[in-house]
$ cat entry_14.cif   # mmCIF, C-alpha atoms and all ligand atoms
data_data
loop_
_atom_site.label_atom_id
_atom_site.label_comp_id
_atom_site.auth_asym_id
_atom_site.auth_seq_id
_atom_site.Cartn_x
_atom_site.Cartn_y
_atom_site.Cartn_z
CA MET A 1 103.30 54.20 126.60
CA LYS A 2 105.68 53.49 123.83
CA ARG A 3 102.77 53.36 121.52
CA HIS A 4 101.56 56.70 122.76
CA VAL A 5 104.96 58.29 122.15
CA PHE A 6 105.00 56.80 118.70
CA SER A 7 101.58 58.11 117.85
CA THR A 8 102.47 61.60 119.16
CA ALA A 9 105.53 61.58 116.97
CA ALA A 10 103.45 60.49 114.01
CA PHE A 11 100.95 63.21 114.79
CA SER A 12 103.58 65.95 114.96
CA GLY A 13 105.07 64.57 111.77
CA ALA A 14 101.69 65.03 110.16
CA LEU A 15 101.50 68.56 111.51
CA ILE A 16 104.90 69.39 110.06
CA ALA A 17 103.79 67.95 106.73
CA ALA A 18 100.58 69.98 106.88
CA ALA A 19 102.51 73.10 107.80
CA SER A 20 104.93 72.65 104.96
CA PHE A 21 102.00 72.30 102.57
CA ALA A 22 100.32 75.34 104.06
CA THR A 23 103.32 77.62 103.88
CA PRO A 24 103.77 77.76 100.11
CA ALA A 25 100.02 78.19 99.65
CA VAL A 26 100.02 81.27 101.89
CA ALA A 27 103.08 82.62 100.14
CA GLN A 28 101.30 82.21 96.82
CA GLU A 29 98.46 84.57 97.77
CA ARG A 30 98.34 87.20 95.06
CA PHE A 31 97.05 90.72 95.57
CA ILE A 32 95.50 92.80 92.83
CA THR A 33 94.24 96.37 92.84
CA ILE A 34 91.65 97.66 90.38
CA GLY A 35 91.32 101.41 89.74
CA THR A 36 87.70 102.64 89.63
CA GLY A 37 86.22 106.15 89.96
CA GLY A 38 84.14 108.15 92.44
CA GLN A 39 81.99 106.20 94.87
CA THR A 40 78.70 107.49 93.41
CA GLY A 41 79.64 106.45 89.86
CA VAL A 42 79.41 103.08 88.11
CA TYR A 43 83.16 102.30 87.82
CA TYR A 44 83.28 101.83 91.56
CA VAL A 45 80.58 99.16 91.25
CA VAL A 46 82.38 97.55 88.28
CA GLY A 47 85.59 97.22 90.33
CA GLN A 48 83.82 96.08 93.50
CA SER A 49 81.77 93.53 91.54
CA ILE A 50 84.79 92.07 89.77
CA CYS A 51 86.64 91.82 93.09
CA ARG A 52 83.69 90.15 94.75
CA LEU A 53 83.69 87.42 92.09
CA VAL A 54 87.50 87.07 92.04
CA ASN A 55 87.67 86.78 95.83
CA ARG A 56 85.16 83.90 95.70
CA LEU A 57 87.38 81.81 93.41
CA GLU A 58 88.35 78.76 95.40
CA ASP A 59 91.79 77.80 94.15
CA ALA A 60 93.10 80.99 92.61
CA ASN A 61 94.32 82.57 95.87
CA ILE A 62 93.78 86.09 94.60
CA LYS A 63 92.89 88.94 96.94
CA CYS A 64 91.31 91.73 94.96
CA ASN A 65 90.55 95.27 96.06
CA ALA A 66 89.05 98.15 94.13
CA PRO A 67 89.53 101.56 95.74
CA SER A 68 87.92 104.77 94.56
CA THR A 69 90.19 106.83 92.23
CA GLY A 70 90.13 109.99 90.11
CA GLY A 71 88.78 108.07 87.07
CA SER A 72 89.90 106.89 83.62
CA VAL A 73 93.08 108.87 83.07
CA ALA A 74 94.22 108.35 86.67
CA ASN A 75 93.59 104.61 86.28
CA ILE A 76 95.68 104.29 83.13
CA ASN A 77 98.47 106.35 84.69
CA GLY A 78 98.23 104.17 87.82
CA ILE A 79 98.59 101.00 85.75
CA LYS A 80 101.56 102.53 83.96
CA SER A 81 103.30 103.42 87.22
CA GLY A 82 102.62 99.98 88.72
CA GLU A 83 100.31 101.29 91.47
CA LEU A 84 97.31 99.53 89.91
CA ASP A 85 97.09 96.16 88.17
CA MET A 86 93.89 96.82 86.27
CA GLY A 87 91.40 99.61 85.93
CA VAL A 88 88.28 100.91 84.26
CA ALA A 89 88.76 103.50 81.51
CA GLN A 90 86.60 105.16 78.90
CA SER A 91 87.06 103.79 75.38
CA ASP A 92 88.22 107.22 74.13
CA VAL A 93 90.85 107.38 76.87
CA GLN A 94 91.96 103.81 76.10
CA TYR A 95 92.37 104.75 72.43
CA GLN A 96 94.24 107.98 73.19
CA ALA A 97 96.58 106.33 75.72
CA TYR A 98 97.44 103.41 73.45
CA ASN A 99 97.96 105.59 70.37
CA GLY A 100 99.54 108.59 72.09
CA THR A 101 96.91 111.18 71.14
CA GLY A 102 94.82 113.72 73.08
CA ASN A 103 96.09 114.06 76.65
CA PHE A 104 98.64 111.33 75.89
CA GLU A 105 100.06 113.16 72.86
CA GLY A 106 103.50 111.88 71.92
CA GLU A 107 103.53 109.21 74.67
CA PRO A 108 101.85 106.08 73.31
CA TYR A 109 101.45 103.49 76.08
CA GLU A 110 102.13 100.40 74.00
CA GLU A 111 101.90 97.94 76.91
CA LEU A 112 98.27 98.92 77.56
CA ARG A 113 96.00 95.90 77.11
CA ALA A 114 92.23 95.63 76.77
CA VAL A 115 90.36 93.04 78.83
CA PHE A 116 86.70 93.69 78.01
CA ARG A 117 84.17 96.42 77.33
CA VAL A 118 81.53 97.11 79.95
CA HIS A 119 78.50 99.49 79.84
CA GLY A 120 77.86 102.53 77.64
CA GLU A 121 78.62 105.96 79.06
CA PRO A 122 76.85 109.01 77.62
CA LEU A 123 78.33 112.44 78.25
CA THR A 124 75.84 113.70 80.80
CA LEU A 125 75.34 117.43 81.24
CA LEU A 126 73.10 118.27 84.17
CA ALA A 127 72.11 121.89 84.90
CA ARG A 128 70.14 123.50 87.70
CA ALA A 129 66.63 124.31 86.48
CA ASP A 130 67.05 127.93 87.70
CA SER A 131 70.35 128.43 85.80
CA GLY A 132 68.77 129.34 82.46
CA ILE A 133 70.83 126.62 80.74
CA GLU A 134 68.82 124.81 78.05
CA THR A 135 71.45 124.06 75.42
CA LEU A 136 75.17 123.28 75.42
CA ASP A 137 75.96 126.81 74.18
CA ASP A 138 74.18 128.26 77.21
CA LEU A 139 77.15 127.10 79.31
CA GLU A 140 79.02 130.23 78.18
CA GLY A 141 79.39 132.57 81.15
CA LYS A 142 78.08 129.99 83.63
CA ARG A 143 79.67 128.15 86.58
CA VAL A 144 80.53 124.71 85.26
CA ASN A 145 82.25 121.80 86.96
CA ILE A 146 84.45 120.52 84.14
CA GLY A 147 85.78 117.65 86.26
CA ASN A 148 88.96 116.79 88.12
CA PRO A 149 92.12 116.27 86.08
CA GLY A 150 92.45 112.48 85.82
CA SER A 151 88.76 111.93 85.20
CA GLY A 152 87.31 110.75 81.93
CA GLN A 153 84.72 113.54 81.89
CA ARG A 154 87.45 116.15 82.08
CA ASN A 155 89.15 114.46 79.14
CA THR A 156 85.97 114.33 77.02
CA MET A 157 84.84 117.82 78.09
CA GLU A 158 88.16 119.15 76.79
CA VAL A 159 87.32 117.59 73.41
CA VAL A 160 83.94 119.36 73.48
CA MET A 161 85.58 122.64 74.49
CA GLY A 162 88.10 122.22 71.66
CA ALA A 163 85.29 121.70 69.12
CA LYS A 164 83.49 124.80 70.42
CA GLY A 165 86.65 126.93 70.54
CA TRP A 166 86.12 127.37 74.28
CA THR A 167 88.67 127.74 77.06
CA GLU A 168 88.16 127.70 80.81
CA ASP A 169 87.63 131.48 80.53
CA THR A 170 84.46 130.82 78.53
CA PHE A 171 82.80 129.99 81.87
CA SER A 172 82.43 132.39 84.79
CA LEU A 173 83.80 129.51 86.88
CA ALA A 174 85.44 126.28 85.67
CA SER A 175 85.62 124.17 88.82
CA GLN A 176 87.50 120.87 89.00
CA LEU A 177 85.60 118.97 91.63
CA ASP A 178 85.81 115.19 91.85
CA ALA A 179 82.88 113.19 90.49
CA ALA A 180 81.59 112.35 93.96
CA GLU A 181 81.54 116.03 95.01
CA GLN A 182 79.68 117.52 92.11
CA ALA A 183 76.08 116.59 92.96
CA ALA A 184 76.34 118.41 96.30
CA ALA A 185 78.01 121.40 94.59
CA LEU A 186 75.06 121.62 92.17
CA ALA A 187 72.50 121.27 94.97
CA ASP A 188 74.29 123.89 97.11
CA ASN A 189 74.27 126.31 94.16
CA ASN A 190 78.06 126.45 93.96
CA VAL A 191 77.89 125.51 90.26
CA ASP A 192 75.20 125.83 87.57
CA ALA A 193 76.08 122.65 85.72
CA MET A 194 78.02 119.43 86.08
CA VAL A 195 79.49 117.11 83.47
CA TYR A 196 79.80 113.37 83.95
CA VAL A 197 80.64 110.62 81.47
CA VAL A 198 78.85 107.79 83.22
CA GLY A 199 76.52 104.81 82.90
CA HIS A 200 72.84 105.18 83.82
CA PRO A 201 71.19 105.11 86.21
CA ASN A 202 73.87 106.17 88.70
CA GLY A 203 74.00 107.47 92.25
CA SER A 204 75.51 110.83 91.41
CA ILE A 205 72.79 112.05 88.99
CA GLN A 206 70.19 110.52 91.27
CA GLU A 207 71.59 112.46 94.23
CA ALA A 208 71.65 115.73 92.28
CA THR A 209 68.15 115.42 90.81
CA THR A 210 66.54 114.45 94.10
CA THR A 211 68.11 117.32 96.05
CA VAL A 212 67.57 120.14 93.52
CA ASP A 213 65.46 120.73 90.39
CA ALA A 214 67.92 119.89 87.63
CA ARG A 215 67.66 119.03 83.91
CA LEU A 216 69.68 116.85 81.60
CA ILE A 217 70.80 119.03 78.66
CA PRO A 218 71.09 117.56 75.13
CA LEU A 219 74.45 117.54 73.34
CA ASN A 220 73.33 117.09 69.74
CA ASP A 221 74.32 120.22 67.82
CA GLU A 222 76.54 120.28 64.73
CA ASP A 223 79.78 120.64 66.69
CA ILE A 224 78.93 117.44 68.57
CA GLN A 225 78.01 115.78 65.27
CA GLY A 226 81.46 116.84 64.03
CA ILE A 227 83.13 115.09 67.00
CA VAL A 228 81.15 111.91 66.40
CA ASP A 229 82.04 111.98 62.68
CA GLU A 230 85.72 112.66 63.32
CA TYR A 231 86.59 110.09 66.02
CA PRO A 232 85.78 106.38 65.75
CA TYR A 233 85.35 105.99 69.51
CA TYR A 234 82.51 108.51 69.89
CA SER A 235 78.94 107.70 68.96
CA ALA A 236 75.51 109.25 69.30
CA SER A 237 73.76 108.12 72.44
CA VAL A 238 70.53 108.66 74.38
CA ILE A 239 69.88 108.94 78.09
CA PRO A 240 66.47 107.31 78.53
CA GLY A 241 63.69 109.40 80.03
CA GLY A 242 62.18 108.44 83.36
CA LEU A 243 65.35 107.46 85.19
CA TYR A 244 65.63 110.64 87.25
CA ARG A 245 63.18 112.99 88.94
CA GLY A 246 62.10 115.84 86.63
CA ASN A 247 63.65 114.21 83.53
CA ASP A 248 60.91 112.24 81.84
CA GLU A 249 62.00 112.65 78.21
CA ASP A 250 64.85 110.92 76.38
CA VAL A 251 67.87 113.20 75.99
CA GLU A 252 70.18 113.01 72.96
CA THR A 253 73.89 113.19 73.57
CA PHE A 254 77.04 111.33 72.57
CA GLY A 255 79.18 108.90 74.42
CA VAL A 256 81.74 106.19 74.84
CA ALA A 257 81.94 102.79 76.46
CA ALA A 258 83.51 101.90 79.78
CA THR A 259 86.31 99.38 79.27
CA PHE A 260 88.39 97.22 81.56
CA VAL A 261 92.14 97.46 80.94
CA THR A 262 95.48 96.23 82.22
CA THR A 263 99.11 96.05 81.14
CA ALA A 264 100.92 93.46 78.99
CA GLU A 265 103.09 92.89 82.08
CA ALA A 266 100.16 91.62 84.16
CA ASP A 267 100.40 87.92 84.98
CA GLU A 268 98.58 85.81 82.39
CA ASP A 269 96.98 83.50 84.92
CA ILE A 270 95.69 86.37 87.07
CA ILE A 271 93.97 88.01 84.10
CA TYR A 272 92.64 84.62 82.97
CA GLN A 273 91.20 83.97 86.46
CA THR A 274 89.73 87.48 86.60
CA VAL A 275 87.81 87.19 83.33
CA LYS A 276 86.80 83.64 84.20
CA ALA A 277 85.40 84.87 87.53
CA VAL A 278 83.29 87.46 85.68
CA PHE A 279 82.07 85.38 82.73
CA ASP A 280 81.56 82.08 84.58
CA ASN A 281 79.26 84.05 86.91
CA PHE A 282 77.88 86.45 84.37
CA ASP A 283 74.26 86.46 85.56
CA ARG A 284 75.43 87.28 89.04
CA PHE A 285 77.69 90.06 87.67
CA LYS A 286 74.85 91.60 85.65
CA ARG A 287 72.61 91.77 88.70
CA LEU A 288 75.12 93.93 90.58
CA HIS A 289 74.17 97.16 88.76
CA PRO A 290 71.25 98.17 86.49
CA ALA A 291 73.75 99.69 84.01
CA PHE A 292 74.99 96.12 83.34
CA GLU A 293 71.52 94.90 82.35
CA ASN A 294 72.04 94.70 78.58
CA LEU A 295 75.61 93.42 78.57
CA ASN A 296 76.40 90.56 76.26
CA PRO A 297 79.72 88.69 76.59
CA GLU A 298 80.44 88.32 72.87
CA GLU A 299 80.03 92.06 72.31
CA MET A 300 82.04 92.85 75.42
CA VAL A 301 85.11 91.07 74.12
CA THR A 302 84.98 92.35 70.53
CA GLN A 303 83.66 95.94 70.62
CA GLY A 304 85.03 99.26 71.87
CA LEU A 305 88.55 97.95 72.42
CA SER A 306 91.48 99.68 70.73
CA ALA A 307 94.45 98.23 72.63
CA PRO A 308 95.20 94.53 71.94
CA LEU A 309 93.51 91.98 74.21
CA HIS A 310 95.62 90.77 77.12
CA GLU A 311 96.82 87.21 76.46
CA GLY A 312 95.19 85.83 79.63
CA ALA A 313 91.83 87.26 78.59
CA ALA A 314 92.21 86.10 74.98
CA ARG A 315 92.90 82.54 76.20
CA TYR A 316 89.58 82.41 78.07
CA TYR A 317 87.65 84.00 75.17
CA ARG A 318 89.13 81.48 72.72
CA GLU A 319 88.12 78.63 75.03
CA GLN A 320 84.58 80.02 74.96
CA GLY A 321 84.65 80.32 71.15
CA TRP A 322 84.05 84.10 71.36
CA ILE A 323 87.17 84.99 69.37
CA GLU A 324 89.32 83.10 66.85
N1 LIG B 401 83.78 107.90 83.09
C1 LIG B 401 84.26 108.41 84.34
C2 LIG B 401 85.76 108.55 84.28
O1 LIG B 401 86.36 108.02 83.42
C3 LIG B 401 83.88 107.56 85.54
C4 LIG B 401 82.46 107.14 85.59
C5 LIG B 401 82.12 106.24 86.73
O2 LIG B 401 82.80 106.30 87.76
O3 LIG B 401 81.19 105.45 86.58
O4 LIG B 401 86.38 109.16 85.10
#
$ encode --input "entry_14.cif" --output "structure tokens" --more "lines below"
Ligand code: GLU
Amino acid sequence: MKRHVFSTAAFSGALIAAASFATPAVAQERFITIGTGGQTGVYYVVGQSICRLVNRLEDANIKCNAPSTGGSVANINGIKSGELDMGVAQSDVQYQAYNGTGNFEGEPYEELRAVFRVHGEPLTLLARADSGIETLDDLEGKRVNIGNPGSGQRNTMEVVMGAKGWTEDTFSLASQLDAAEQAAALADNNVDAMVYVVGHPNGSIQEATTTVDARLIPLNDEDIQGIVDEYPYYSASVIPGGLYRGNDEDVETFGVAATFVTTAEADEDIIYQTVKAVFDNFDRFKRLHPAFENLNPEEMVTQGLSAPLHEGAARYYREQGWIE
């Protein structure tokens, strides 16, 4: 009997010990939120894929979620306001935010930090086949979805409009639909053309081209050449033929890269664990979307980044010998 009492006491002592070990571990659970884009784009898959790998880490105790957002500019603003910890942003938007140019004129965000570059994103202009639009200049007088404020395509389209000397009045309608709404708007004949800065292939262009006859329109005239010559973060780019119904030929355009960003204030260990989750499982990451197919880690950590690397990311890249 005595023995039994003793062993019960020992057992509850063990429980108390276990509980006191468990409590701090639970308290240490860290939550991170990654800003993405519309659900039919590629940013959403980038964020979901990173979270999937981070949530599998055994000892890091990080709970990651990646909701849909308005896109690049909204993500950087969300990081700045503390609503988001990390986000995906076009390389032109990263440059403009860090340096205080373009839509960020006069307000450089010096705490912005680069983590890595992801896939290439051509400016993608898709027009209904019955709209009569065959060139960029044919957009004049047409109904064009120029993108929601906060999206990267809106930001880049404004650069194109600036180079052309266009305003919203150049179009018979300049709608501001979210990325995820525009394919249906094109199919329903509410707009003649949509603009999306996005990796290929993606769900949105696939949705549009399977529901209506629509053509990718080249952006390769001298005004576009002028943009590419003027800004270091724009380059000529090609959307390969054969990815979408009715679009068998390569289409010349220009584009940027998708990048993953955060703030200097983000915890060093969390960023370290996040990049480790991605690069330690890189083959798995690449399989999560066809737009990731040609990614190469050493290029991802050295190209297309204008803000300084976050210290937690730099530590992992140095360990790998990818940077000095
Ligand atoms: N480039 C777009 C943006 O910055 C998002 C593209 C995507 O969601 O894949 O808003």
$ closest_residue --input "entry_14.cif" --among "A:Val115, A:Val93, A:Ala214, A:Asn55" --to "Pro297 (chain A)" --atoms "only C-alpha atoms"
A:Val115
$ closest_atom_pairs --input "entry_14.cif" --of "chain A" --to "ligand LIG 401 (chain B)" --cutoff "7 Å" --atoms "all atoms listed in the file" --output "Markdown table"
| residue | atom | partner | partner_atom | distance |
| --- | --- | --- | --- | --- |
| A:Thr36 | CA | B:LIG401 | O2 | 6.4 |
| A:Gly37 | CA | B:LIG401 | O2 | 4.1 |
| A:Gly38 | CA | B:LIG401 | O2 | 5.2 |
| A:Gly41 | CA | B:LIG401 | O3 | 3.8 |
| A:Val42 | CA | B:LIG401 | O3 | 3.3 |
| A:Tyr43 | CA | B:LIG401 | O3 | 3.9 |
| A:Tyr44 | CA | B:LIG401 | O2 | 5.9 |
| A:Gly70 | CA | B:LIG401 | O4 | 6.3 |
| A:Gly71 | CA | B:LIG401 | O4 | 3.3 |
| A:Ser72 | CA | B:LIG401 | O1 | 3.7 |
| A:Val73 | CA | B:LIG401 | O1 | 6.8 |
| A:Ala89 | CA | B:LIG401 | O1 | 5.5 |
| A:Gln90 | CA | B:LIG401 | O1 | 5.4 |
| A:Glu121 | CA | B:LIG401 | N1 | 6.8 |
| A:Gly150 | CA | B:LIG401 | O4 | 7.0 |
| A:Ser151 | CA | B:LIG401 | O4 | 3.7 |
| A:Gly152 | CA | B:LIG401 | O1 | 3.3 |
| A:Gln153 | CA | B:LIG401 | C2 | 5.6 |
| A:Tyr196 | CA | B:LIG401 | C1 | 6.7 |
| A:Val197 | CA | B:LIG401 | N1 | 4.5 |
| A:Val198 | CA | B:LIG401 | C4 | 4.4 |
| A:Gly199 | CA | B:LIG401 | O3 | 6.0 |
| A:Ala258 | CA | B:LIG401 | N1 | 6.9 |
$ residues_near_point --input "entry_14.cif" --point "(92.0, 84.6, 83.4)" --cutoff "7 Å" --atoms "only C-alpha atoms" --output "list in words"
Glu268, Asp269, Ile270, Ile271, Tyr272, Gln273, Thr274, Val275, Lys276, Gly312, Ala313 and Tyr316 of chain A
$ atom_distance --input "entry_14.cif" --atom1 "CA of Leu84 (chain A)" --atom2 "CA of Ser68 (chain A)"
11.7 Å
$ closest_residue --input "entry_14.cif" --among "A:Thr124, A:Gln39, A:Ser204, A:Asn145" --to "Glu252 (chain A)" --atoms "only C-alpha atoms"
A:Thr124
$ closest_residue --input "entry_14.cif" --among "A:Trp322, A:Glu29, A:Val261, A:Val228" --to "Glu58 (chain A)" --atoms "all atoms listed in the file"
A:Glu29
$ atom_distance --input "entry_14.cif" --atom1 "CA of Ala66 (chain A)" --atom2 "CA of Cys51 (chain A)"
6.9 Å
$ closest_residue --input "entry_14.cif" --among "A:Thr209, A:Asn281, A:Asn294, A:Thr170" --to "Val54 (chain A)" --atoms "all atoms listed in the file"
A:Asn281
$ closest_residue --input "entry_14.cif" --among "A:Ile217, A:Gly255, A:Thr210, A:Ala60" --to "Gly304 (chain A)" --atoms "all atoms listed in the file"
A:Gly255
$ residues_around --input "entry_14.cif" --residues "region 238-250 of chain A" --least-positions-apart "2" --cutoff "8 Å" --atoms "only C-alpha atoms" --output "CSV table (one decimal) with C-alpha atoms, in the frame of the given file"
chain,number,residue,atom,x,y,z
A,122,PRO,CA,76.8,109.0,77.6
A,200,HIS,CA,72.8,105.2,83.8
A,201,PRO,CA,71.2,105.1,86.2
A,205,ILE,CA,72.8,112.0,89.0
A,206,GLN,CA,70.2,110.5,91.3
A,209,THR,CA,68.2,115.4,90.8
A,210,THR,CA,66.5,114.4,94.1
A,213,ASP,CA,65.5,120.7,90.4
A,214,ALA,CA,67.9,119.9,87.6
A,215,ARG,CA,67.7,119.0,83.9
A,216,LEU,CA,69.7,116.8,81.6
A,236,ALA,CA,75.5,109.2,69.3
A,252,GLU,CA,70.2,113.0,73.0
A,253,THR,CA,73.9,113.2,73.6
A,254,PHE,CA,77.0,111.3,72.6
$ atom_distance --input "entry_14.cif" --atom1 "CA of Ala187 (chain A)" --atom2 "CA of Arg128 (chain A)"
8.0 Å
